[in-house]
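**Student:** Sharing work_22.cif, mmCIF, C-alpha atoms:
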```cif
data_coords
loop_
_atom_site.label_atom_id
_atom_site.label_comp_id
_atom_site.auth_asym_id
_atom_site.auth_seq_id
_atom_site.Cartn_x
_atom_site.Cartn_y
_atom_site.Cartn_z
CA MET M 1 0.00 0.00 0.00
CA VAL M 2 1.25 3.47 -0.90
CA ASP M 3 1.80 5.79 2.05
CA LEU M 4 0.60 9.35 1.65
CA PHE M 5 0.97 12.40 3.83
CA LEU M 6 -1.74 14.94 3.03
CA ASP M 7 -1.38 18.69 3.04
CA THR M 8 -4.27 20.90 4.25
CA SER M 9 -5.15 21.88 0.66
CA VAL M 10 -5.95 18.27 -0.28
CA ILE M 11 -8.41 17.80 2.56
CA ILE M 12 -10.05 21.19 2.03
CA ASN M 13 -10.40 20.55 -1.70
CA ARG M 14 -11.74 17.05 -1.13
CA GLU M 15 -14.43 18.23 1.27
CA PHE M 16 -15.21 21.80 0.28
CA SER M 17 -14.58 22.29 -3.41
CA ASP M 18 -17.47 23.11 -5.72
CA ASN M 19 -15.70 21.35 -8.58
CA GLN M 20 -17.06 17.80 -8.63
CA GLU M 21 -14.41 16.61 -11.10
CA LYS M 22 -11.67 17.76 -8.76
CA ILE M 23 -13.27 15.96 -5.81
CA ILE M 24 -13.58 12.72 -7.78
CA GLU M 25 -9.97 13.00 -8.95
CA ILE M 26 -8.72 13.47 -5.39
CA GLU M 27 -10.92 10.68 -4.01
CA ASN M 28 -9.81 8.27 -6.71
CA PHE M 29 -6.18 9.09 -6.06
CA LEU M 30 -6.54 8.60 -2.30
CA LYS M 31 -8.55 5.40 -2.57
CA GLU M 32 -7.04 2.37 -0.86
CA LYS M 33 -3.91 4.21 0.22
CA ASN M 34 -2.53 4.71 3.67
CA LYS M 35 -3.32 8.34 4.51
CA LEU M 36 -1.70 10.40 7.21
CA ILE M 37 -1.66 13.98 8.43
CA SER M 38 -0.01 15.66 11.40
CA THR M 39 -1.65 17.72 14.11
CA TYR M 40 -0.14 20.80 12.42
CA VAL M 41 -2.44 20.13 9.43
CA CYS M 42 -5.30 19.73 11.95
CA MET M 43 -4.36 23.16 13.29
CA GLU M 44 -4.62 24.68 9.81
CA LEU M 45 -8.03 23.03 9.36
CA ASN M 46 -9.19 24.20 12.79
CA ARG M 47 -7.96 27.73 12.17
CA THR M 48 -9.91 27.97 8.91
CA VAL M 49 -12.93 25.67 8.56
CA LEU M 50 -13.68 24.94 12.19
CA ALA M 51 -13.15 28.55 13.32
CA ASP M 52 -15.47 29.83 10.57
CA ALA M 53 -18.14 27.26 11.42
CA GLU M 54 -17.89 28.10 15.14
CA THR M 55 -18.19 31.81 14.34
CA LEU M 56 -21.34 31.22 12.33
CA LYS M 57 -22.74 29.17 15.21
CA THR M 58 -22.41 32.19 17.50
CA TYR M 59 -24.45 34.21 14.97
CA LEU M 60 -27.06 31.45 14.91
CA CYS M 61 -27.24 31.52 18.70
CA ASP M 62 -27.28 35.30 19.06
CA CYS M 63 -29.76 36.33 16.38
CA MET M 64 -33.53 36.12 16.41
CA ASN M 65 -34.03 34.99 12.82
CA LEU M 66 -32.17 34.04 9.65
CA GLU M 67 -32.71 37.47 8.05
CA GLU M 68 -30.92 39.16 10.95
CA ILE M 69 -27.91 36.86 10.53
CA TRP M 70 -27.71 37.62 6.83
CA GLU M 71 -27.87 41.37 7.56
CA ARG M 72 -25.05 41.04 10.07
CA ILE M 73 -22.88 39.08 7.64
CA GLU M 74 -23.57 41.67 4.93
CA ALA M 75 -22.57 44.40 7.35
CA LEU M 76 -19.08 42.91 7.69
CA GLY M 77 -18.01 44.76 4.55
CA ASN M 78 -16.40 43.45 1.39
CA SER M 79 -12.85 43.85 2.62
CA THR M 80 -13.41 41.37 5.43
CA ARG M 81 -12.24 37.87 4.56
CA MET M 82 -14.73 36.47 7.05
CA LYS M 83 -17.71 37.87 5.15
CA HIS M 84 -17.26 35.59 2.15
CA ARG M 85 -16.57 32.51 4.23
CA LEU M 86 -19.45 33.03 6.66
CA GLY M 87 -21.75 34.01 3.81
CA LEU M 88 -21.01 30.77 1.99
CA ILE M 89 -21.40 28.54 5.05
CA PHE M 90 -24.62 30.34 5.99
CA HIS M 91 -25.95 29.87 2.47
CA ARG M 92 -25.14 26.14 2.48
CA ILE M 93 -26.60 25.60 5.95
CA THR M 94 -29.86 27.41 5.18
CA GLU M 95 -30.44 26.08 1.64
CA ASP M 96 -32.95 23.48 2.82
CA VAL M 97 -34.04 24.76 6.21
CA SER M 98 -37.24 26.46 7.20
CA ASP M 99 -36.09 28.50 10.19
CA LEU M 100 -33.42 29.41 12.71
CA TYR M 101 -34.03 26.38 14.96
CA GLU M 102 -33.31 23.96 12.14
CA ALA M 103 -30.26 25.90 10.97
CA ARG M 104 -28.86 25.99 14.52
CA ARG M 105 -29.46 22.27 14.97
CA ILE M 106 -27.71 21.48 11.67
CA MET M 107 -24.75 23.71 12.55
CA GLU M 108 -24.42 22.00 15.94
CA MET M 109 -24.55 18.59 14.28
CA TRP M 110 -21.94 19.65 11.74
CA LEU M 111 -19.61 20.73 14.53
CA ARG M 112 -20.18 17.50 16.47
CA HIS M 113 -19.30 15.42 13.43
CA TYR M 114 -16.54 17.73 12.17
CA PRO M 115 -13.60 15.40 12.97
CA SER M 116 -15.20 12.48 11.14
CA ILE M 117 -16.17 14.61 8.14
CA ILE M 118 -12.68 16.04 7.81
CA LEU M 119 -10.63 13.00 8.73
CA LYS M 120 -12.42 10.32 6.72
CA GLU M 121 -10.02 7.33 6.59
CA ILE M 122 -7.11 9.55 7.60
CA ASN M 123 -4.81 8.87 10.54
CA VAL M 124 -3.28 11.67 12.57
CA ILE M 125 0.24 11.75 14.01
CA PRO M 126 1.56 14.34 16.47
CA SER M 127 3.35 17.21 14.79
CA LYS M 128 6.99 17.86 15.65
CA THR M 129 5.84 21.41 16.42
CA ASP M 130 3.56 20.16 19.23
CA CYS M 131 1.12 22.87 18.13
CA GLU M 132 -1.66 23.13 20.70
CA GLN M 133 -4.23 24.35 18.20
CA GLY M 134 -4.21 21.06 16.36
CA GLN M 135 -5.90 19.23 19.16
CA TYR M 136 -9.52 20.35 18.73
CA MET M 137 -9.13 23.09 21.27
CA PRO M 138 -12.00 25.56 21.30
CA ASP M 139 -9.59 28.49 21.19
CA TYR M 140 -8.32 29.13 17.66
CA GLY M 141 -5.75 31.79 18.48
CA CYS M 142 -2.12 30.92 19.13
CA ARG M 143 -1.18 31.53 22.77
CA GLY M 144 2.11 33.00 21.62
CA ILE M 145 4.85 33.00 24.24
CA LYS M 146 2.58 31.08 26.63
CA SER M 147 2.19 28.21 24.16
CA LEU M 148 4.00 24.91 24.52
CA CYS M 149 4.97 24.92 20.85
CA ARG M 150 8.25 23.34 19.79
CA VAL M 151 8.76 25.21 16.53
CA PRO M 152 12.03 26.76 17.86
CA GLU M 153 13.52 23.31 18.60
CA ASN M 154 12.28 21.99 15.26
CA VAL M 155 13.89 24.92 13.41
CA GLU M 156 17.15 24.55 15.36
CA LYS M 157 17.32 20.87 14.47
CA ASN M 158 16.80 21.51 10.73
CA LYS M 159 18.68 24.81 10.49
CA GLY M 160 21.05 23.60 7.76
CA LEU M 161 18.30 22.49 5.40
CA LEU M 162 16.21 25.57 6.15
CA LYS M 163 19.12 27.83 5.23
CA ILE M 164 19.44 26.08 1.86
CA LEU M 165 15.70 26.44 1.40
CA GLN M 166 15.92 30.12 2.25
CA ILE M 167 18.57 30.68 -0.47
CA GLU M 168 16.42 28.86 -3.03
CA LEU M 169 13.30 30.80 -2.01
CA VAL M 170 15.07 34.15 -2.30
CA GLN M 171 15.97 33.28 -5.91
CA ASP M 172 12.32 32.43 -6.53
CA VAL M 173 10.98 35.69 -5.09
CA ASN M 174 11.76 37.52 -8.33
CA LYS M 175 9.44 35.12 -10.18
CA ASP M 176 6.80 34.90 -7.48
CA ARG M 177 6.33 37.93 -5.20
CA GLY M 178 3.94 35.87 -3.06
CA LYS M 179 6.96 34.11 -1.59
CA LEU M 180 8.25 37.34 -0.05
CA ASP M 181 6.36 36.83 3.23
CA ILE M 182 7.68 33.27 3.50
CA CYS M 183 11.25 34.53 2.96
CA TRP M 184 10.93 37.22 5.63
CA SER M 185 9.42 34.84 8.15
CA LEU M 186 11.93 32.10 7.41
CA ASP M 187 14.75 34.57 7.86
CA GLU M 188 13.40 35.67 11.24
CA ILE M 189 12.81 32.12 12.40
CA ILE M 190 16.28 30.89 11.36
CA ASN M 191 18.04 33.81 12.96
CA ASN M 192 15.97 33.91 16.16
CA PRO M 193 14.28 30.53 16.62
CA GLU M 194 13.58 31.24 20.29
CA ARG M 195 11.54 34.32 19.33
CA THR M 196 9.17 32.43 16.99
CA LYS M 197 6.49 32.26 19.66
CA GLU M 198 6.41 36.05 19.88
CA ASN M 199 5.10 36.34 16.36
CA PRO M 200 2.70 33.52 15.41
CA ARG M 201 2.30 35.08 11.95
CA ASN M 202 5.81 33.82 11.11
CA CYS M 203 4.74 30.32 12.03
CA PHE M 204 1.69 30.53 9.73
CA ASN M 205 3.81 31.92 6.87
CA VAL M 206 6.21 29.00 7.00
CA GLY M 207 3.39 26.50 7.64
CA ASP M 208 4.14 24.56 4.45
CA ILE M 209 7.73 24.03 5.59
CA LEU M 210 6.63 22.89 9.04
CA ILE M 211 4.17 20.45 7.43
CA ALA M 212 6.92 19.08 5.18
CA LEU M 213 9.15 18.56 8.24
CA ASP M 214 6.39 16.37 9.73
CA VAL M 215 6.38 13.94 6.80
CA PRO M 216 7.63 10.54 8.02
CA ASP M 217 10.29 8.61 6.08
CA ASN M 218 9.05 6.80 2.96
CA PHE M 219 5.83 8.81 2.81
CA THR M 220 4.86 10.88 -0.24
CA LEU M 221 3.60 14.37 0.47
CA ILE M 222 0.54 15.22 -1.58
CA SER M 223 -0.71 18.75 -2.12
CA SER M 224 -2.35 21.10 -4.59
CA ASP M 225 0.06 23.84 -3.52
CA LYS M 226 2.95 24.39 -5.97
CA ASP M 227 5.16 25.83 -3.22
CA PHE M 228 5.86 22.28 -2.09
CA PHE M 229 7.87 21.51 -5.25
CA LEU M 230 10.81 23.50 -3.99
CA ILE M 231 10.34 22.66 -0.30
CA CYS M 232 10.22 18.92 -0.98
CA GLU M 233 13.17 19.07 -3.35
CA VAL M 234 15.37 20.71 -0.73
CA LEU M 235 14.12 18.54 2.14
CA ARG M 236 14.38 15.44 -0.08
CA ILE M 237 10.76 14.40 0.31
CA SER M 238 8.82 12.53 -2.34
CA PHE M 239 6.07 14.86 -3.60
CA TYR M 240 2.93 14.44 -5.68
CA TYR M 241 1.15 17.52 -6.99
CA ILE M 242 -2.60 17.48 -7.54
CA ASP M 243 -3.47 20.12 -10.10
CA PRO M 244 -6.36 22.18 -8.74
CA MET I 245 -61.78 -6.85 11.22
CA LEU I 246 -59.46 -5.50 13.85
CA GLU I 247 -59.79 -6.86 17.31
CA MET I 248 -59.17 -4.50 20.22
CA ILE I 249 -56.70 -5.87 22.70
CA ASP I 250 -55.45 -4.87 26.07
CA PRO I 251 -51.68 -4.42 25.46
CA TRP I 252 -50.95 -4.77 29.16
CA LYS I 253 -52.37 -8.28 29.43
CA ARG I 254 -51.84 -10.13 26.18
CA SER I 255 -48.57 -11.62 25.10
CA GLY I 256 -47.06 -10.57 21.80
CA TRP I 257 -47.98 -6.95 22.29
CA ILE I 258 -45.68 -4.17 21.34
CA ASP I 259 -44.58 -2.10 24.29
CA THR I 260 -45.67 1.45 23.72
CA GLY I 261 -43.96 2.41 26.95
CA ARG I 262 -47.02 4.04 28.48
CA PRO I 263 -50.78 3.64 28.45
CA VAL I 264 -52.59 5.95 26.08
CA SER I 265 -56.05 7.35 26.34
CA TYR I 266 -58.65 6.77 23.64
CA SER I 267 -58.59 10.43 22.71
CA SER I 268 -54.89 10.53 21.87
CA ALA I 269 -54.62 7.01 20.50
CA THR I 270 -54.73 5.80 16.95
CA TYR I 271 -55.61 2.26 16.10
CA ILE I 272 -53.15 0.60 13.72
CA LYS I 273 -52.16 -2.80 12.51
CA ILE I 274 -48.56 -3.93 12.96
CA GLU I 275 -46.92 -6.92 11.37
CA THR I 276 -44.79 -8.60 13.99
CA GLU I 277 -44.14 -11.99 12.47
CA LYS I 278 -42.84 -13.15 9.15
CA HIS I 279 -46.04 -15.10 8.54
CA TYR I 280 -47.96 -11.86 8.95
CA GLU I 281 -49.75 -12.58 12.16
CA HIS I 282 -51.24 -9.37 13.37
CA HIS I 283 -51.15 -7.90 16.81
CA ASP I 284 -53.25 -4.82 17.16
CA VAL I 285 -52.23 -2.23 19.71
CA PHE I 286 -52.92 1.33 20.64
CA LEU I 287 -50.23 3.79 19.70
CA SER I 288 -50.11 7.51 20.14
CA LYS I 289 -50.34 9.71 17.06
CA LYS I 290 -46.63 10.47 17.32
CA GLU I 291 -45.72 6.81 17.51
CA CYS I 292 -47.88 6.12 14.49
CA SER I 293 -46.19 8.86 12.52
CA ILE I 294 -42.77 7.46 13.43
CA LEU I 295 -43.80 4.00 12.32
CA GLU I 296 -45.29 5.33 9.13
CA LEU I 297 -42.10 7.22 8.41
CA ARG I 298 -39.94 4.17 9.06
CA ASN I 299 -42.16 1.91 6.97
CA SER I 300 -42.35 4.25 4.01
CA LEU I 301 -38.57 4.77 4.03
CA ALA I 302 -37.90 1.05 4.49
CA GLU I 303 -40.13 0.30 1.53
CA LYS I 304 -38.15 2.66 -0.72
CA VAL I 305 -34.81 1.34 0.51
CA ALA I 306 -35.97 -2.22 -0.13
CA LYS I 307 -36.96 -1.16 -3.64
CA ILE I 308 -33.41 0.06 -4.28
CA LYS I 309 -31.92 -3.14 -2.86
CA ASP I 310 -34.19 -5.37 -4.89
CA ASN I 311 -33.47 -3.49 -8.12
CA PHE I 312 -29.90 -2.48 -7.43
CA GLY I 313 -28.81 -2.61 -11.07
CA ASP I 314 -31.76 -0.53 -12.24
CA LEU I 315 -30.44 3.04 -12.14
CA ARG I 316 -33.75 4.64 -13.02
CA CYS I 317 -35.52 2.82 -10.19
CA ARG I 318 -32.68 3.76 -7.84
CA GLN I 319 -32.90 7.43 -8.75
CA GLU I 320 -36.68 7.45 -8.37
CA ALA I 321 -36.56 5.74 -4.98
CA LEU I 322 -33.81 8.03 -3.69
CA SER I 323 -35.75 11.05 -4.82
CA ASN I 324 -38.82 9.72 -2.97
CA ILE I 325 -36.75 9.11 0.16
CA LYS I 326 -35.45 12.67 -0.01
CA ASN I 327 -38.96 14.09 -0.32
CA ILE I 328 -40.29 11.96 2.53
CA LEU I 329 -37.43 13.13 4.76
CA LYS I 330 -37.86 16.74 3.72
CA SER I 331 -41.43 16.79 4.95
CA ALA I 332 -40.53 14.67 8.01
CA LYS I 333 -38.09 17.39 9.08
CA SER I 334 -40.98 19.67 9.93
CA ASP I 335 -43.01 16.91 11.62
CA PHE I 336 -40.42 15.77 14.16
CA ARG I 337 -38.83 18.99 15.35
CA GLY I 338 -39.96 18.30 18.90
CA ASP I 339 -37.94 15.10 19.13
CA PRO I 340 -34.27 16.20 18.87
CA PRO I 341 -32.64 12.77 18.45
CA LEU I 342 -35.10 11.76 15.76
CA PHE I 343 -34.81 15.19 14.16
CA ASP I 344 -31.01 14.76 14.02
CA LEU I 345 -31.36 11.36 12.39
CA ILE I 346 -33.86 12.70 9.86
CA ILE I 347 -31.50 15.58 9.05
CA GLY I 348 -28.62 13.10 8.66
CA LEU I 349 -30.62 10.84 6.35
CA PHE I 350 -31.95 13.79 4.36
CA TYR I 351 -28.51 15.21 3.60
CA ALA I 352 -27.02 11.74 3.06
CA THR I 353 -29.47 11.20 0.21
CA LYS I 354 -29.35 14.79 -0.98
CA ASN I 355 -25.56 14.81 -1.33
CA LEU I 356 -25.47 11.40 -2.98
CA TYR I 357 -24.98 10.85 -6.67
CA PHE I 358 -27.29 7.88 -7.20
CA GLU I 359 -24.95 6.28 -9.74
CA ASN I 360 -22.21 6.12 -7.09
CA LEU I 361 -24.29 4.29 -4.48
CA SER I 362 -22.59 1.11 -3.27
CA ARG I 363 -24.14 -2.01 -1.80
CA LYS I 364 -22.42 -1.30 1.49
CA GLN I 365 -23.98 2.17 1.56
CA ILE I 366 -27.47 0.85 0.92
CA ASP I 367 -27.01 -1.69 3.74
CA VAL I 368 -26.01 1.09 6.14
CA LEU I 369 -28.91 3.24 4.93
CA GLU I 370 -31.27 0.34 5.56
CA ALA I 371 -29.88 -0.18 9.06
CA ALA I 372 -30.23 3.54 9.77
CA VAL I 373 -33.85 3.59 8.62
CA ASN I 374 -34.65 0.55 10.75
CA ARG I 375 -33.44 2.40 13.81
CA ILE I 376 -36.03 5.15 13.45
CA ASP I 377 -37.84 4.76 16.71
CA ARG I 378 -39.43 6.88 19.41
CA ARG I 379 -36.86 5.55 21.89
CA LEU I 380 -33.94 6.83 19.83
CA THR I 381 -31.43 8.69 22.00
CA GLU I 382 -29.00 11.49 21.15
CA SER I 383 -26.09 9.07 21.27
CA ASP I 384 -27.94 6.63 18.98
CA ALA I 385 -28.48 9.41 16.45
CA TYR I 386 -24.82 10.44 16.74
CA GLU I 387 -23.67 6.86 16.22
CA ILE I 388 -25.89 6.36 13.16
CA VAL I 389 -24.72 9.60 11.55
CA GLU I 390 -21.10 8.59 12.21
CA GLU I 391 -21.80 5.25 10.54
CA LEU I 392 -23.23 7.05 7.52
CA ILE I 393 -20.08 9.19 7.28
CA SER I 394 -17.84 6.15 7.58
CA VAL I 395 -19.29 4.56 4.44
CA GLY I 396 -18.94 7.73 2.40
CA PHE I 397 -22.27 9.48 2.87
CA MET I 398 -22.23 13.20 3.64
CA PRO I 399 -25.13 13.45 6.10
CA LEU I 400 -24.81 17.21 6.59
CA PRO I 401 -24.70 20.21 4.26
CA ARG I 402 -21.63 20.34 2.04
CA PHE I 403 -19.83 23.67 2.23
CA SER I 404 -19.09 23.54 -1.49
CA GLY I 405 -17.12 26.54 -2.69
CA LEU I 406 -15.32 27.15 0.58
CA ALA I 407 -12.12 25.61 -0.82
CA GLU I 408 -12.12 28.15 -3.66
CA ILE I 409 -12.55 31.03 -1.18
CA TYR I 410 -9.63 29.80 0.95
CA GLU I 411 -7.55 29.46 -2.19
CA ARG I 412 -8.36 33.02 -3.30
CA GLN I 413 -7.57 34.31 0.18
CA GLY I 414 -4.24 32.51 0.23
CA GLU I 415 -5.15 30.27 3.17
CA ILE I 416 -4.33 27.04 1.34
#
```
Output the structure of this file as structure tokens.

**Tutor:**
Amino acid sequence: MVDLFLDTSVIINREFSDNQEKIIEIENFLKEKNKLISTYVCMELNRTVLADAETLKTYLCDCMNLEEIWERIEALGNSTRMKHRLGLIFHRITEDVSDLYEARRIMEMWLRHYPSIILKEINVIPSKTDCEQGQYMPDYGCRGIKSLCRVPENVEKNKGLLKILQIELVQDVNKDRGKLDICWSLDEIINNPERTKENPRNCFNVGDILIALDVPDNFTLISSDKDFFLICEVLRISFYYIDP
Amino acid sequence: MLEMIDPWKRSGWIDTGRPVSYSSATYIKIETEKHYEHHDVFLSKKECSILELRNSLAEKVAKIKDNFGDLRCRQEALSNIKNILKSAKSDFRGDPPLFDLIIGLFYATKNLYFENLSRKQIDVLEAAVNRIDRRLTESDAYEIVEELISVGFMPLPRFSGLAEIYERQGEI
């Protein structure tokens, strides 16, 4: 059996894409394979999908009717990332419901079954980062310096490879300006690993690298994120790209 | 002709759990044996509705099982199941565990592409329908919905399109 380590993008696309062909392609590829993720991937899922669903639940609990919720989501303004996410989840939840009670019940059920929906036939291993947010904690914000995270130790241990990766990424920045944030964060983390906890944003920016460092030996990392081509090449990890 | 029986005295009766008054009771016929021996009991209106729901769903599921290769029959029966569950959602709001199960079954059939239905899935669907009962607990409903998920059903709304939003926002 082939052993696969899944990136967050694969799970999110499998469960939440509106492109049926893409879902079928991913499901067919994953079928009858040994699938694994780390708790760092869980953290990324919790920070996005679960946090958005929990936020909508608070709207469902606070408001008197569905119209009021929609008005409040609309009021968030177009620049807010949350507006589009909450709007979509709200739309999906209320498509076949008659009133607020039903919508609330469905949202609560969705949250109760969230781990099973997300982790269908997927095993979870502890991340080398020991990220607390990957363990279904109700708080989705990083506790910063108070957290028990082991990103500094992880960075220290892989400093050599990360420096090579940094050089490669800097060369790539000219082609892809999106990598600039990753370069800045990686630079800060390499030079001051012990200060990583002070700025959780750095941790999120280099999330792909931290995920790659969690891949066990002989596993193939699978993702629909092209950034992993370079990361996996430098870290000598087998990689399979799913074209989104 | 139906014979009235005293469910508290005769053997073979179906335990309704509590005595019911004539005003709130409905008289129905229940098949308890394979050779169709009838035992007639009093059931409350709610219990009758639950039984009716279970029987009508079981009938449609059996139709799919018996004609598994017939895609048109499968599609028609699944569509009927979906419609039955859609109206049942409004009838059983006062019974949270049953309501949860109905929601789970409704979305499981709604999110299913009939051509992809497997024999294992139809067996699990059948088992889930057979557990529709007034004594259903929250943990029963949870367990059944989990079982549906484990065989590939999506018994809750799909947040389709969320992946594309995360992609645009650079989250994944």

**Student:** Considering all atoms listed in the file, extract the chain I residues located within 7 Å of chain M and return them as a PyMOL selection string.

**Tutor:** chain I and resi 393-394+400-409+416

**Student:** Which residues are near range 371-375 of chain I? Cut-off 7 Å, only C-alpha atoms, ignore same chain within fewer than 2 positions. Put them as JSON, numbers by chain.

**Tutor:** {"I": [298, 301, 302, 367, 368, 369, 377, 388]}

**Student:** Here is a test: counting all atoms listed in the file, which residue of M:Thr129, M:Phe219, M:Cys149, M:Glu67 is nearest to Leu36 in chain M?

**Tutor:**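 Smallest distance to Leu36 in chain M is found for M:Phe219.
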
**Student:** Would you translate the PyMOL selection byres ((chain M and resi 220-222) around 7) into the concrete set of residues it matches in this file, as JSON, numbers by chain?

**Tutor:** {"M": [3, 4, 5, 6, 7, 215, 218, 219, 223, 237, 238, 239, 240, 241]}

**Student:** Tell me, as an NGL selection string, which residues lie within 7 Å of Leu100 in chain M, counting all atoms listed in the file; anything in the same chain fewer than 3 positions away does not count.

**Tutor:** :M and (65-66 or 103-104)

**Student:** Counting only C-alpha atoms, note down every residue that has an atom within 8 Å of the point (7.2, 21.7, 3.0) (file coordinates), as a PyMOL selection string.

**Tutor:** chain M and resi 207-213+227-228+231-232+235

**Student:** How would the residues just chosen look if you wrote them out with C-alpha atoms as a short mmCIF file (atom, residue, chain, number, x, y, z; two decimals), in the frame of the given file?

**Tutor:**
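For reference, selection16.cif as written:
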```
data_model
loop_
_atom_site.label_atom_id
_atom_site.label_comp_id
_atom_site.auth_asym_id
_atom_site.auth_seq_id
_atom_site.Cartn_x
_atom_site.Cartn_y
_atom_site.Cartn_z
CA GLY M 207 3.39 26.50 7.64
CA ASP M 208 4.14 24.56 4.45
CA ILE M 209 7.73 24.03 5.59
CA LEU M 210 6.63 22.89 9.04
CA ILE M 211 4.17 20.45 7.43
CA ALA M 212 6.92 19.08 5.18
CA LEU M 213 9.15 18.56 8.24
CA ASP M 227 5.16 25.83 -3.22
CA PHE M 228 5.86 22.28 -2.09
CA ILE M 231 10.34 22.66 -0.30
CA CYS M 232 10.22 18.92 -0.98
CA LEU M 235 14.12 18.54 2.14
#
```

**Student:** Enter the distance from CA of Ile325 in chain I to CA of Lys304 in chain I, in Å, rounded to one decimal.

**Tutor:**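 Distance between the two atoms: 6.7 Å.
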
**Student:** For a quick check of understanding, using only C-alpha atoms, which of M:Glu156, M:Asp62, M:Asn46, M:Ile122 has the smallest distance to Glu32 in chain M?

**Tutor:**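 Closest to Glu32 in chain M, using only C-alpha atoms: M:Ile122.
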
**Student:** Evaluated on this file, the PyMOL selection byres ((chain I and resi 306-311) around 9) picks out some residues - which ones are they, written as a list in words?

**Tutor:** Leu301, Ala302, Glu303, Lys304, Val305, Phe312, Gly313, Asp314, Leu315, Cys317, Arg318, Gln319, Ala321, Leu322, Arg363, Ile366, Asp367 and Glu370 of chain I

**Student:** So what does the PyMOL selection byres ((chain M and resi 201) around 12) actually pick up in this one, as a list in words?

**Tutor:**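 Applied to this file, the PyMOL selection byres ((chain M and resi 201) around 12) returns Gly141, Cys142, Arg143, Gly144, Asp181, Ile182, Trp184, Ser185, Leu186, Glu188, Ile189, Arg195, Thr196, Lys197, Glu198, Asn199, Pro200, Asn202, Cys203, Phe204, Asn205, Val206 and Gly207 of chain M.
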
**Student:** Would you mind reading off the distance between CA of Gly134 in chain M and CA of Pro152 in chain M, one decimal, in Å?

**Tutor:**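 That distance, rounded to one decimal, is 17.3 Å.
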
**Student:** If I take CA of Arg236 in chain M and CA of Asp217 in chain M, how far is one from the other in Å, to one decimal?

**Tutor:**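 Interatomic distance here is 10.1 Å.
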
**Student:** Write out as a list in words each polymer residue whose atoms come within 7 Å of Lys326 in chain I, counting only C-alpha atoms; drop sequence neighbours fewer than 5 positions from it.

**Tutor:** Phe350, Thr353 and Lys354 of chain I

**Student:** Excluding Glu382 in chain I and residues on its chain fewer than 6 positions from it, collect all residues at most 9 Å away from it, counting only C-alpha atoms, and give them as a list in words.

**Tutor:**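 The contact residues come out as Pro340, Pro341, Leu342 and Asp344 of chain I.
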